[in-house]
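Student: Mind having a look at this structure? Questions to follow.
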Amino acid sequence: MTDLASSSVAPPRPTLSDRMKFYGIWILTGLVLLVLPKVFSSGGSMTTFSLVGISIIFALSYNILLGQTGMLSFGHAVYYGLGGFLAIHAINIVGFHKWPIPLPLMPLIGGVAGLFFAALIGWVMTQRSGTAFAMISLGLAELVASSALILRSFFGGEAGISANRTKLFKVFGLSFGPQIQIYYLIAAWTLIAIIAMYALTRTPLGRMCNAVRDNPERVQFVGYDPHVVRYIAFCFSGFFAGIAGALAAINFEIANSAYLGAVQSGTVLFAAYIGGIGFFIGPIVGAIFVTVLSLGLSDLTQVWQLYFGLFFIAVVLFAPGGITGLLMMHRPLVRAGMLSRMLPSYAMAALPTLALCVGLMLMIETIVHYTVNPNEDPHIQAFGIPFDAASPITWVTAAVLIVGGFLLARRAWSRVGETWDTTLTAARAKVHAL
Amino acid sequence: MSTAIELRGVEKSFGVTKVIQNINLTIAQGERHALIGPNGAGKSTTFNLISGYMRPTTGSILLRGEEIAGMKPFQINRRRLSRSFQVTNVFANMTVWENLRCAVLWATGHRYAFWKNIDNLPVVRERTAQILEDIHLTSRRDVPAGLLTYAEQRALEIGITIAGGADVILLDEPTAGMSNAETERAVTLIRRLTEGRTLLIVEHDMSVVFGLADRISVLVYGQIIASGTPDEIRGNLKVKEAYLGEEAA
C-alpha cells in the first residue's frame with residue numbers, strides 16, 4: 001500500500017523521458033568510443049585515447065576516496081602498480097602454460113590484485129581519515145615503491161617486467177597486437193568501470209560514503225561504523241585502480257617501478273582535483289584534460305611540468321571546484337537563459353589574463369634559457385611563439401605584460417564578480433517567477 | 001513499568017578533574033525526563049556517556065537492562081537509542097532528503113549494501129518522506145543542509161535523531177538559540193515525535209522543561225542533587241538554592 005501523502009513528499013520518480021535521457025547518455029558514450037578511431041585514425045591518437053581511458057578509470061577510482069569518502073591519499077599508485085605487475089605476471093604465466101584465458105580478462109586479475117592489497121592494508125589505514133590517513137598512505141607508497149627496486153624477482157628492478165600480450169588464447173581471432181584492438185579493449189573496460197563506479201554512488205554504501213565525508217562523527221549516531229564505510233570504499237578504490245594498472249600494463253606490455261611511484265600518485269590527484277572532485281564526472285574531465293595536456297605540452301616547451309604545476313596552483317586558488325565546478329556554476333544562468341550577460345565581462349577579463357600568461361611565459365622561458373642552456377641560440381620558440389631571449393625588448397615586453405596584465409586582470413575579474421552576483425540574483429528571481 | 005535507562009554509580013574524570021561524580025539515575029520506559037543544571041554541571045557529558053561518545057571511568061550504564069558502558073556509539077544506536085547534538089551536527093553538503101535517508105538506512109536493514117539501488121528502496125523512501133513531513137521541511141527537501149536557517153537545522157537535527165525509529169531519544173538543548181515562537185513550535189514537534197518513546201532531554205528553558213517533562217533531575221557539579229516530578233522539583237529547597245535561584249523565587 002502506498003501512502004499518498006508520503007509519495008508526494010518524496011522526490012519525484014524519474015519519468016520515462018528522464019530514464020531515456022539517462023540511458024541515452026551511456027549509449028551515446030559507447031557510440032562515441034566506438035567511432036572515435038574512425039574520426040581520428042592516426043596511430044598517435046590511438047595511443048592518446050588509450051592513455052586517456054586508463055587515466056579516467058584511475059582518476060575515478062581515486063575519487064571514490066577523495067571526492068566521495070573524504071580520504072586524501074598520496075599513495076594511490078600502489079594499487080594501480082600492483083594491479084599492473086600482477087597482470088603482467090599473469091599474462092606471462094597464462095601464455096607459458098597456454099591456459100585458455102584471453103587477454104580481455106586480464107584487467108580483472110589486476111583488479112583483484114588491487115582489491116586484495118587494499119583489503120590487506122586498508123583496515124589499518126582507514127581507522128582515521130584526514131592527516132593520519134594521508135601520512136600513512138604516503139609512507140606506504142614510499143615503502144612499496146622502494147621495495148619494487150629491492151624485490152627484483154617480482155618487480156624486475158629498474159628494467160621492470162615485460163610480457164607479450166599477443167601470446168594468449170585468442171577469442172574472435174583477435175591477436176591484440178595492433179593498437180586499435182588495444183584501444184577497443186581499453187574503451188570497453190573504461191565504459192564498464194565508469195558505469196560500475198557511477199552505480200556504486202547510487203547505493204546505500206555510496207550515500208553513506210558521502211555522509212562519512214561530510215560528518216564521520218554523526219554517522220556513528222545513525223548506526224554506521226565510519227571505519228567500515230571507509231574500508232569498503234578503500235577496497236573498491238583499490239579494485240578499480242588495479243584494473244587501470246592492468247590496462248596500462250597491457251598497453252605498454254611492461255610494468256616497472258614507475259607504476260608505483262610518487263609521480264603516478266601525484267598525477268592522479270592532479271587529474272581528479274583539476275577536473276573537480278565534487279562531481280562524478282569531474283575526474284573524467286580531469287583525466288582527459290591532464291593526459292592530453294601532458295602529452296601536448298611536452299612538445300611545446302621543455303619545462304611543461306612547471307606550467308602544469310602553476311596551472312594546478314591556479315585551480316586550487318581560484319577554482320577549488322575544478323573545471324567541472326566552474327561549468328556547473330553556470331547552470332542556473334543557462335536555465336534562465338542569461339549566460340550571454342556574463343560573456344562581455346568574461347571577454348574583458350580574458351584579454352589582460354592572456355597578456356599576463358604570455359608575459360609569464362616569456363619570463364619563464366627566458367630564465368630557462370639562461371639557466372638550463374645558456375650556450376645555445378637565444379632565438380627560441382615556446383608555444384609556437386618565436387622570440388629572442390637575449391633581447392632587452394623581450395624582457396621589457398615581458399615585464400610590461402606581467403605588470404600591466406596583472407593590474408588590469410585584477411580589476412577585470414573583480415568586475416566579473418560583481419556582474420556575476422547581479423546576474424545570478426536576476427537568474428534566480430526569474431526561475432522563481434516561472 | 002520497566003526501565004529504559006539506568007545509570008549506576010557512574011563517574012567520569014578527565015585527568016584529576018571529576019566531571020561526573022557517582023550518578024545514579026533511573027528512567028522508566030515511556031517517560032519524558034529532563035536533565036537540568038547550570039552550565040558546566042556535566043549534562044552534556046552525561047549524554048556523551050550514555051550515547052557511547054565517551055566511556056565512563058567507573059560505573060555501569062544499562063539500556064533496557066543491558067550493559068552498554070564502553071560500547072561504540074553505533075553499537076548503542078543499533079540498540080535503538082538515538083541522540084541529538086547541542087551544536088547542530090548534520091551532513092552539511094547533502095540535501096535535507098539525503099540527510100534523513102542516511103538516518104533511515106541502517107534501521108531498515110540496508111547496512112553497507114553496495115548492490116542495491118538507493119532510489120529503489122520503497123520502505124526507505126516512505127519512511128524518509130514520513131520524517132520529512134513530521135519535521136515540516138517538505139518545502140526544503142532538496143536544499144543542502146548547510147543552507148538551512150538555524151531553526152530548520154535544529155528541526156533536521158531532531159529528524160535525523162528520530163528517523164531510525166529509536167525508542168530511547170536523547171535531545172541535547174533542542175531549543176537553544178531559538179526565538180519564543182520557534183521554541184513553541186519545537187516543543188510541539190518534540191512532544192508529538194516522542195509520543196510513546198522514552199525521552200531524556202537537556203534544556204535550559206524552564207518553561208520547556210516544566211511543560212514537557214514527567215520527571216526532572218537536577219545536576220550540579222557532576223552530582224544529581226534532586227530527582228522528581230516537576231512539582232517536587234519546584235518545591236525542593238536544595239534546588240532553589242543551588243540552581244533555580246531567582247527564577248523560582
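Please note that chains go A, B, ... in the order of the C-alpha cells, that every chain numbers its residues from 1, and that ligands are numbered from 1 in the order shown.
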Could you please tell me, as number ranges by chain, which residues of chain A have an atom within 12 Å of chain B when using only C-alpha atoms?

Tutor: A: 1-14, 67-68, 196-233, 236, 278

Student: Report as an NGL selection string: the residues of region 48-180 of chain B with a DSSP assignment of alpha helix (DSSP H), based on the backbone of this structure.

Tutor: :B and (48-50 or 73-78 or 96-105 or 122-134 or 150-163 or 180)

Student: Kindly save the residues from that selection, with C-alpha atoms included, as a PDB file, in the first residue's frame.

Tutor:
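part_5.pdb, freshly written:
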ATOM      1  CA  ASN B  48      28.079  11.596  25.895  1.00  0.00           C
ATOM      2  CA  LEU B  49      28.437   8.758  28.380  1.00  0.00           C
ATOM      3  CA  ILE B  50      25.016   7.275  27.708  1.00  0.00           C
ATOM      4  CA  PRO B  73      28.186   4.917  19.556  1.00  0.00           C
ATOM      5  CA  PHE B  74      26.990   2.924  16.537  1.00  0.00           C
ATOM      6  CA  GLN B  75      26.551  -0.208  18.634  1.00  0.00           C
ATOM      7  CA  ILE B  76      24.388   1.715  21.077  1.00  0.00           C
ATOM      8  CA  ASN B  77      22.475   3.347  18.222  1.00  0.00           C
ATOM      9  CA  ARG B  78      21.743  -0.092  16.769  1.00  0.00           C
ATOM     10  CA  VAL B  96      17.634  17.507   3.672  1.00  0.00           C
ATOM     11  CA  TRP B  97      16.251  14.423   1.949  1.00  0.00           C
ATOM     12  CA  GLU B  98      19.628  12.695   1.844  1.00  0.00           C
ATOM     13  CA  ASN B  99      20.322  13.590   5.470  1.00  0.00           C
ATOM     14  CA  LEU B 100      17.145  11.908   6.627  1.00  0.00           C
ATOM     15  CA  ARG B 101      17.619   8.970   4.291  1.00  0.00           C
ATOM     16  CA  CYS B 102      21.072   8.262   5.769  1.00  0.00           C
ATOM     17  CA  ALA B 103      19.469   8.120   9.177  1.00  0.00           C
ATOM     18  CA  VAL B 104      16.885   5.590   7.968  1.00  0.00           C
ATOM     19  CA  LEU B 105      19.215   3.188   6.118  1.00  0.00           C
ATOM     20  CA  PRO B 122      10.326   1.742  -1.175  1.00  0.00           C
ATOM     21  CA  VAL B 123      10.465   1.342   2.611  1.00  0.00           C
ATOM     22  CA  VAL B 124      13.359   3.785   2.908  1.00  0.00           C
ATOM     23  CA  ARG B 125      11.524   6.217   0.660  1.00  0.00           C
ATOM     24  CA  GLU B 126       8.307   6.045   2.639  1.00  0.00           C
ATOM     25  CA  ARG B 127       9.990   6.415   5.976  1.00  0.00           C
ATOM     26  CA  THR B 128      12.157   9.311   4.841  1.00  0.00           C
ATOM     27  CA  ALA B 129       9.119  11.068   3.410  1.00  0.00           C
ATOM     28  CA  GLN B 130       7.252  10.490   6.669  1.00  0.00           C
ATOM     29  CA  ILE B 131      10.013  12.052   8.772  1.00  0.00           C
ATOM     30  CA  LEU B 132      10.343  14.923   6.302  1.00  0.00           C
ATOM     31  CA  GLU B 133       6.653  15.667   6.775  1.00  0.00           C
ATOM     32  CA  ASP B 134       6.869  15.234  10.532  1.00  0.00           C
ATOM     33  CA  TYR B 150      19.087  27.845  12.189  1.00  0.00           C
ATOM     34  CA  ALA B 151      15.625  26.724  13.279  1.00  0.00           C
ATOM     35  CA  GLU B 152      15.332  24.468  10.237  1.00  0.00           C
ATOM     36  CA  GLN B 153      18.694  22.894  11.003  1.00  0.00           C
ATOM     37  CA  ARG B 154      17.538  22.227  14.545  1.00  0.00           C
ATOM     38  CA  ALA B 155      14.412  20.554  13.194  1.00  0.00           C
ATOM     39  CA  LEU B 156      16.550  18.468  10.836  1.00  0.00           C
ATOM     40  CA  GLU B 157      18.772  17.549  13.782  1.00  0.00           C
ATOM     41  CA  ILE B 158      15.716  16.163  15.582  1.00  0.00           C
ATOM     42  CA  GLY B 159      14.551  14.486  12.374  1.00  0.00           C
ATOM     43  CA  ILE B 160      17.867  12.641  11.965  1.00  0.00           C
ATOM     44  CA  THR B 161      17.716  11.620  15.612  1.00  0.00           C
ATOM     45  CA  ILE B 162      14.279  10.036  15.428  1.00  0.00           C
ATOM     46  CA  ALA B 163      14.461   8.763  11.817  1.00  0.00           C
ATOM     47  CA  ASN B 180       9.918  32.172  21.569  1.00  0.00           C
TER      48      ASN B 180
END

Student: For region 124-129 of chain A, work out the shell of residues within 8 Å, counting only C-alpha atoms and skipping chain neighbours fewer than 5 positions away, then give it as a PDB file with N, CA, C and O atoms, in the first residue's frame.

Tutor:
ATOM      1  N   GLY A  70      36.024  11.389   1.297  1.00  0.00           N
ATOM      2  CA  GLY A  70      36.803  12.367   2.041  1.00  0.00           C
ATOM      3  C   GLY A  70      38.135  11.858   2.559  1.00  0.00           C
ATOM      4  O   GLY A  70      38.561  12.234   3.642  1.00  0.00           O
ATOM      5  N   MET A  71      38.788  10.969   1.800  1.00  0.00           N
ATOM      6  CA  MET A  71      40.107  10.499   2.218  1.00  0.00           C
ATOM      7  C   MET A  71      41.147  10.971   1.215  1.00  0.00           C
ATOM      8  O   MET A  71      41.087  10.621   0.037  1.00  0.00           O
ATOM      9  N   LEU A  72      42.111  11.767   1.683  1.00  0.00           N
ATOM     10  CA  LEU A  72      43.162  12.283   0.813  1.00  0.00           C
ATOM     11  C   LEU A  72      44.318  11.297   0.800  1.00  0.00           C
ATOM     12  O   LEU A  72      45.029  11.156   1.788  1.00  0.00           O
ATOM     13  N   ALA A 134      46.370  10.433   5.256  1.00  0.00           N
ATOM     14  CA  ALA A 134      47.249  10.971   4.213  1.00  0.00           C
ATOM     15  C   ALA A 134      48.699  10.573   4.471  1.00  0.00           C
ATOM     16  O   ALA A 134      49.417  10.146   3.563  1.00  0.00           O
ATOM     17  N   ILE A 136      49.878   8.037   6.371  1.00  0.00           N
ATOM     18  CA  ILE A 136      50.113   6.593   6.234  1.00  0.00           C
ATOM     19  C   ILE A 136      50.168   6.220   4.759  1.00  0.00           C
ATOM     20  O   ILE A 136      51.014   5.440   4.332  1.00  0.00           O
ATOM     21  N   SER A 137      49.275   6.816   3.957  1.00  0.00           N
ATOM     22  CA  SER A 137      49.256   6.477   2.530  1.00  0.00           C
ATOM     23  C   SER A 137      50.576   6.865   1.880  1.00  0.00           C
ATOM     24  O   SER A 137      51.108   6.136   1.050  1.00  0.00           O
ATOM     25  N   HIS A 227      34.507   3.657  10.114  1.00  0.00           N
ATOM     26  CA  HIS A 227      35.698   2.892   9.742  1.00  0.00           C
ATOM     27  C   HIS A 227      35.359   1.837   8.695  1.00  0.00           C
ATOM     28  O   HIS A 227      36.060   1.675   7.699  1.00  0.00           O
ATOM     29  N   ARG A 230      34.627   3.524   5.336  1.00  0.00           N
ATOM     30  CA  ARG A 230      35.879   3.919   4.678  1.00  0.00           C
ATOM     31  C   ARG A 230      36.613   2.705   4.129  1.00  0.00           C
ATOM     32  O   ARG A 230      37.166   2.734   3.031  1.00  0.00           O
ATOM     33  N   TYR A 231      36.606   1.615   4.905  1.00  0.00           N
ATOM     34  CA  TYR A 231      37.334   0.411   4.491  1.00  0.00           C
ATOM     35  C   TYR A 231      36.752  -0.163   3.200  1.00  0.00           C
ATOM     36  O   TYR A 231      37.486  -0.468   2.255  1.00  0.00           O
ATOM     37  N   PHE A 234      37.597   1.991   0.351  1.00  0.00           N
ATOM     38  CA  PHE A 234      39.013   1.836   0.039  1.00  0.00           C
ATOM     39  C   PHE A 234      39.244   0.580  -0.809  1.00  0.00           C
ATOM     40  O   PHE A 234      40.015   0.592  -1.774  1.00  0.00           O
TER      41      PHE A 234
END

Student: Fewer than 6 positions away in the same chain doesn't count, so skip those; otherwise give me all residues within 12 Å of Ala249 (chain A), counting only C-alpha atoms, as an MDAnalysis selection string.

Tutor: chainID A and resid 50:51 54 80:92 103 106:107 109:110 160:165 182 186 242:243 255:259

Student: Take the residues that were just selected and, keeping N, CA, C and O atoms, output them as a compact mmCIF listing (two decimals), in the first residue's frame.

Tutor:
# COMPACT_ATOMS: atom_id res chain seq x y z
N SER A 50 43.99 5.63 -25.67
CA SER A 50 44.20 4.52 -24.75
C SER A 50 44.65 5.04 -23.39
O SER A 50 44.14 4.62 -22.35
N LEU A 51 45.60 5.98 -23.42
CA LEU A 51 46.11 6.53 -22.16
C LEU A 51 45.01 7.29 -21.42
O LEU A 51 44.90 7.22 -20.19
N ILE A 54 42.69 4.77 -19.62
CA ILE A 54 43.32 4.24 -18.40
C ILE A 54 43.26 5.29 -17.29
O ILE A 54 42.90 5.00 -16.16
N TYR A 80 47.36 0.66 -8.28
CA TYR A 80 47.50 0.73 -9.73
C TYR A 80 48.70 -0.11 -10.16
O TYR A 80 48.60 -0.98 -11.02
N GLY A 81 49.83 0.11 -9.49
CA GLY A 81 51.06 -0.56 -9.85
C GLY A 81 51.00 -2.06 -9.57
O GLY A 81 51.37 -2.87 -10.42
N LEU A 82 50.49 -2.44 -8.40
CA LEU A 82 50.41 -3.86 -8.07
C LEU A 82 49.45 -4.57 -9.03
O LEU A 82 49.71 -5.70 -9.44
N GLY A 83 48.37 -3.88 -9.40
CA GLY A 83 47.47 -4.44 -10.41
C GLY A 83 48.22 -4.66 -11.71
O GLY A 83 48.07 -5.71 -12.36
N GLY A 84 49.04 -3.69 -12.10
CA GLY A 84 49.82 -3.79 -13.33
C GLY A 84 50.81 -4.96 -13.28
O GLY A 84 50.88 -5.77 -14.21
N PHE A 85 51.54 -5.07 -12.17
CA PHE A 85 52.53 -6.14 -12.05
C PHE A 85 51.87 -7.52 -12.04
O PHE A 85 52.32 -8.44 -12.72
N LEU A 86 50.80 -7.65 -11.29
CA LEU A 86 50.11 -8.94 -11.24
C LEU A 86 49.59 -9.32 -12.62
O LEU A 86 49.66 -10.48 -13.02
N ALA A 87 49.09 -8.32 -13.36
CA ALA A 87 48.57 -8.60 -14.70
C ALA A 87 49.69 -9.05 -15.62
O ALA A 87 49.53 -10.01 -16.39
N ILE A 88 50.85 -8.39 -15.54
CA ILE A 88 52.00 -8.76 -16.37
C ILE A 88 52.43 -10.20 -16.08
O ILE A 88 52.62 -11.01 -16.98
N HIS A 89 52.54 -10.52 -14.77
CA HIS A 89 52.91 -11.88 -14.40
C HIS A 89 51.87 -12.87 -14.89
O HIS A 89 52.21 -13.96 -15.38
N ALA A 90 50.60 -12.49 -14.75
CA ALA A 90 49.52 -13.38 -15.19
C ALA A 90 49.61 -13.63 -16.69
O ALA A 90 49.46 -14.77 -17.14
N ILE A 91 49.88 -12.57 -17.46
CA ILE A 91 49.99 -12.74 -18.91
C ILE A 91 51.13 -13.71 -19.23
O ILE A 91 50.97 -14.63 -20.06
N ASN A 92 52.25 -13.54 -18.54
CA ASN A 92 53.39 -14.43 -18.79
C ASN A 92 53.08 -15.88 -18.42
O ASN A 92 53.38 -16.80 -19.18
N LEU A 103 43.16 -12.33 -23.26
CA LEU A 103 43.69 -11.07 -22.76
C LEU A 103 42.62 -10.15 -22.15
O LEU A 103 42.87 -9.51 -21.13
N MET A 106 42.33 -10.13 -18.43
CA MET A 106 43.48 -9.82 -17.59
C MET A 106 43.26 -8.62 -16.66
O MET A 106 43.73 -8.63 -15.51
N PRO A 107 42.57 -7.56 -17.13
CA PRO A 107 42.31 -6.44 -16.21
C PRO A 107 41.61 -6.87 -14.93
O PRO A 107 41.82 -6.28 -13.87
N ILE A 109 42.17 -9.59 -13.33
CA ILE A 109 43.23 -10.07 -12.43
C ILE A 109 43.90 -8.89 -11.75
O ILE A 109 44.14 -8.90 -10.54
N GLY A 110 44.17 -7.83 -12.53
CA GLY A 110 44.73 -6.61 -11.94
C GLY A 110 43.81 -6.05 -10.88
O GLY A 110 44.25 -5.63 -9.80
N GLY A 160 62.07 -3.47 -14.96
CA GLY A 160 60.68 -3.89 -14.88
C GLY A 160 60.46 -5.26 -15.48
O GLY A 160 61.42 -5.97 -15.80
N ILE A 161 59.21 -5.65 -15.61
CA ILE A 161 58.86 -6.96 -16.16
C ILE A 161 58.09 -6.72 -17.45
O ILE A 161 57.14 -5.93 -17.48
N SER A 162 58.50 -7.38 -18.51
CA SER A 162 57.75 -7.22 -19.76
C SER A 162 57.03 -8.50 -20.11
O SER A 162 57.28 -9.56 -19.56
N ALA A 163 56.11 -8.38 -21.04
CA ALA A 163 55.30 -9.53 -21.43
C ALA A 163 54.90 -9.36 -22.89
O ALA A 163 54.98 -8.27 -23.44
N ASN A 164 54.47 -10.43 -23.47
CA ASN A 164 53.97 -10.37 -24.84
C ASN A 164 52.47 -10.67 -24.82
O ASN A 164 52.06 -11.78 -24.56
N ARG A 165 51.69 -9.61 -25.08
CA ARG A 165 50.24 -9.76 -24.93
C ARG A 165 49.60 -10.57 -26.04
O ARG A 165 48.45 -10.98 -25.95
N ILE A 182 43.80 -2.81 -28.94
CA ILE A 182 44.03 -2.43 -27.54
C ILE A 182 43.12 -1.26 -27.17
O ILE A 182 42.55 -1.21 -26.08
N ILE A 186 40.54 -1.25 -24.10
CA ILE A 186 40.56 -0.25 -23.04
C ILE A 186 39.24 0.51 -22.99
O ILE A 186 38.68 0.78 -21.91
N GLY A 242 43.43 -1.13 -9.66
CA GLY A 242 44.10 -2.32 -10.18
C GLY A 242 43.73 -2.60 -11.63
O GLY A 242 44.58 -2.96 -12.44
N ILE A 243 42.46 -2.39 -11.96
CA ILE A 243 42.03 -2.56 -13.35
C ILE A 243 42.78 -1.57 -14.25
O ILE A 243 43.30 -1.94 -15.31
N ALA A 255 55.58 -3.60 -17.00
CA ALA A 255 55.26 -2.94 -15.73
C ALA A 255 56.59 -2.67 -15.05
O ALA A 255 57.44 -3.55 -14.98
N ASN A 256 56.79 -1.44 -14.61
CA ASN A 256 58.03 -1.12 -13.90
C ASN A 256 57.74 -0.26 -12.67
O ASN A 256 56.60 0.08 -12.39
N SER A 257 58.82 0.07 -11.97
CA SER A 257 58.65 0.72 -10.67
C SER A 257 57.96 2.08 -10.78
O SER A 257 57.37 2.56 -9.81
N ALA A 258 58.00 2.70 -11.96
CA ALA A 258 57.34 3.99 -12.14
C ALA A 258 55.83 3.89 -11.92
O ALA A 258 55.19 4.85 -11.49
N TYR A 259 55.27 2.70 -12.17
CA TYR A 259 53.83 2.49 -11.97
C TYR A 259 53.42 2.75 -10.52
O TYR A 259 52.30 3.13 -10.24

Student: Using only C-alpha atoms, pick whichever of A:Val396, A:Leu143, A:Val334, A:Ala347 has the shortest atom-to-atom distance to Val431 (chain A).

Tutor: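 So, comparing all the options, the nearest one is A:Val334.
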
Student: Please identify all polymer residues within 9 Å of Ala398 (chain A), counting only C-alpha atoms, omitting same-chain residues fewer than 3 positions from it, and present them as JSON, numbers by chain.

Tutor: {"A": [356, 358, 359, 360, 361, 362, 363, 393, 394, 395, 401, 402, 403]}

Student: Mind writing the picked residues with all heavy atoms as a JSON list (two decimals), in the first residue's frame?

Tutor:
[["chain", "number", "residue", "atom", "x", "y", "z"],
["A", 356, "LEU", "N", 48.87, 38.52, -19.23],
["A", 356, "LEU", "CA", 49.62, 38.10, -18.06],
["A", 356, "LEU", "C", 50.29, 36.75, -18.30],
["A", 356, "LEU", "O", 51.47, 36.55, -18.00],
["A", 356, "LEU", "CB", 48.69, 38.04, -16.85],
["A", 356, "LEU", "CG", 49.26, 37.50, -15.54],
["A", 356, "LEU", "CD1", 50.36, 38.39, -15.02],
["A", 356, "LEU", "CD2", 48.16, 37.38, -14.49],
["A", 358, "VAL", "N", 51.05, 35.33, -21.22],
["A", 358, "VAL", "CA", 52.11, 35.44, -22.21],
["A", 358, "VAL", "C", 53.36, 36.04, -21.57],
["A", 358, "VAL", "O", 54.48, 35.56, -21.78],
["A", 358, "VAL", "CB", 51.64, 36.29, -23.43],
["A", 358, "VAL", "CG1", 52.81, 36.57, -24.36],
["A", 358, "VAL", "CG2", 50.53, 35.58, -24.17],
["A", 359, "GLY", "N", 53.16, 37.07, -20.74],
["A", 359, "GLY", "CA", 54.29, 37.69, -20.05],
["A", 359, "GLY", "C", 55.02, 36.69, -19.17],
["A", 359, "GLY", "O", 56.25, 36.59, -19.19],
["A", 360, "LEU", "N", 54.26, 35.90, -18.41],
["A", 360, "LEU", "CA", 54.86, 34.88, -17.55],
["A", 360, "LEU", "C", 55.64, 33.86, -18.38],
["A", 360, "LEU", "O", 56.74, 33.46, -18.01],
["A", 360, "LEU", "CB", 53.76, 34.17, -16.75],
["A", 360, "LEU", "CG", 53.23, 34.90, -15.53],
["A", 360, "LEU", "CD1", 52.06, 34.14, -14.94],
["A", 360, "LEU", "CD2", 54.33, 35.05, -14.48],
["A", 361, "MET", "N", 55.02, 33.49, -19.52],
["A", 361, "MET", "CA", 55.66, 32.50, -20.38],
["A", 361, "MET", "C", 57.01, 33.03, -20.88],
["A", 361, "MET", "O", 58.03, 32.34, -20.81],
["A", 361, "MET", "CB", 54.72, 32.18, -21.54],
["A", 361, "MET", "CG", 55.21, 31.09, -22.47],
["A", 361, "MET", "SD", 56.27, 31.72, -23.77],
["A", 361, "MET", "CE", 55.08, 32.53, -24.83],
["A", 362, "LEU", "N", 57.03, 34.30, -21.35],
["A", 362, "LEU", "CA", 58.28, 34.90, -21.84],
["A", 362, "LEU", "C", 59.32, 34.90, -20.72],
["A", 362, "LEU", "O", 60.48, 34.57, -20.94],
["A", 362, "LEU", "CB", 58.02, 36.34, -22.31],
["A", 362, "LEU", "CG", 57.28, 36.49, -23.64],
["A", 362, "LEU", "CD1", 57.04, 37.96, -23.95],
["A", 362, "LEU", "CD2", 58.07, 35.84, -24.78],
["A", 363, "MET", "N", 58.89, 35.27, -19.52],
["A", 363, "MET", "CA", 59.82, 35.34, -18.41],
["A", 363, "MET", "C", 60.39, 33.95, -18.09],
["A", 363, "MET", "O", 61.59, 33.77, -17.98],
["A", 363, "MET", "CB", 59.12, 35.91, -17.17],
["A", 363, "MET", "CG", 60.03, 36.09, -15.98],
["A", 363, "MET", "SD", 59.12, 36.62, -14.52],
["A", 363, "MET", "CE", 58.47, 35.07, -13.95],
["A", 393, "ILE", "N", 64.34, 44.01, -25.46],
["A", 393, "ILE", "CA", 62.95, 44.27, -25.88],
["A", 393, "ILE", "C", 62.03, 43.16, -25.34],
["A", 393, "ILE", "O", 60.95, 43.43, -24.82],
["A", 393, "ILE", "CB", 62.85, 44.36, -27.42],
["A", 393, "ILE", "CG1", 63.72, 45.51, -27.91],
["A", 393, "ILE", "CG2", 61.40, 44.54, -27.85],
["A", 393, "ILE", "CD1", 63.84, 45.57, -29.42],
["A", 394, "THR", "N", 62.50, 41.94, -25.43],
["A", 394, "THR", "CA", 61.72, 40.82, -24.91],
["A", 394, "THR", "C", 61.50, 40.97, -23.41],
["A", 394, "THR", "O", 60.39, 40.80, -22.91],
["A", 394, "THR", "CB", 62.45, 39.49, -25.18],
["A", 394, "THR", "OG1", 62.75, 39.42, -26.58],
["A", 394, "THR", "CG2", 61.61, 38.31, -24.78],
["A", 395, "TRP", "N", 62.59, 41.34, -22.70],
["A", 395, "TRP", "CA", 62.48, 41.47, -21.24],
["A", 395, "TRP", "C", 61.47, 42.54, -20.86],
["A", 395, "TRP", "O", 60.63, 42.34, -20.00],
["A", 395, "TRP", "CB", 63.83, 41.80, -20.62],
["A", 395, "TRP", "CG", 64.93, 40.85, -20.99],
["A", 395, "TRP", "CD1", 64.79, 39.59, -21.50],
["A", 395, "TRP", "CD2", 66.33, 41.10, -20.92],
["A", 395, "TRP", "NE1", 66.00, 39.03, -21.74],
["A", 395, "TRP", "CE2", 66.99, 39.93, -21.40],
["A", 395, "TRP", "CE3", 67.11, 42.19, -20.50],
["A", 395, "TRP", "CZ2", 68.37, 39.82, -21.47],
["A", 395, "TRP", "CZ3", 68.50, 42.07, -20.55],
["A", 395, "TRP", "CH2", 69.13, 40.91, -21.04],
["A", 401, "LEU", "N", 53.87, 43.18, -19.87],
["A", 401, "LEU", "CA", 52.73, 42.26, -19.94],
["A", 401, "LEU", "C", 52.36, 41.73, -18.55],
["A", 401, "LEU", "O", 51.18, 41.66, -18.20],
["A", 401, "LEU", "CB", 53.04, 41.09, -20.87],
["A", 401, "LEU", "CG", 53.02, 41.40, -22.38],
["A", 401, "LEU", "CD1", 53.46, 40.18, -23.18],
["A", 401, "LEU", "CD2", 51.63, 41.84, -22.82],
["A", 402, "ILE", "N", 53.39, 41.40, -17.76],
["A", 402, "ILE", "CA", 53.10, 40.82, -16.44],
["A", 402, "ILE", "C", 52.46, 41.88, -15.54],
["A", 402, "ILE", "O", 51.38, 41.66, -14.98],
["A", 402, "ILE", "CB", 54.40, 40.27, -15.79],
["A", 402, "ILE", "CG1", 54.85, 39.03, -16.55],
["A", 402, "ILE", "CG2", 54.15, 39.92, -14.33],
["A", 402, "ILE", "CD1", 56.20, 38.50, -16.11],
["A", 403, "VAL", "N", 53.13, 43.05, -15.44],
["A", 403, "VAL", "CA", 52.62, 44.07, -14.51],
["A", 403, "VAL", "C", 51.28, 44.62, -15.00],
["A", 403, "VAL", "O", 50.28, 44.64, -14.25],
["A", 403, "VAL", "CB", 53.65, 45.21, -14.35],
["A", 403, "VAL", "CG1", 53.07, 46.32, -13.49],
["A", 403, "VAL", "CG2", 54.94, 44.68, -13.76]]

Student: Quick one: residues within 12 Å of Gly296 (chain A), only C-alpha atoms counted, chain neighbours fewer than 3 positions away excluded, as a PyMOL selection string?

Tutor: chain A and resi 44-45+48+288-293+299-302+304-305+308+383

Student: Taking only C-alpha atoms into account, which of A:Ala314, A:Ala409, A:Ala336, A:Ala399 comes nearest Pro352 (chain A)?

Tutor: A:Ala409

Student: One decimal, Å: what's the distance from CA of Leu199 (chain B) over to CA of Arg32 (chain B), could you say?

Tutor: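 These two atoms are separated by 4.6 Å.
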
Student: Can you list, as a VMD selection string, every protein, DNA or RNA residue that comes within 12 Å of Ser42 (chain A) when you count only C-alpha atoms, leaving out same-chain residues fewer than 6 positions away?

Tutor: chain A and resid 36 48 to 49 179 to 180

Student: What parts of region 358-389 of chain A does DSSP call strand (DSSP E)? I'd like the answer as a list in words.

Tutor: His379, Ile380, Gln381, Ala382, Ile385, Pro386, Phe387 and Asp388 of chain A

Student: Taking only C-alpha atoms into account, name the residue in A:Arg428, A:His379, A:Lys98, A:His369 that is nearest to Lys170 (chain A).

Tutor: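 Nearest to Lys170 (chain A): A:Lys98.
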
Student: Compare A:Leu34, A:Leu138, A:Leu28, A:Ala248 by their minimum atom-to-atom distance to Ser55 (chain A), counting only C-alpha atoms, and give me the closest one.

Tutor: A:Ala248
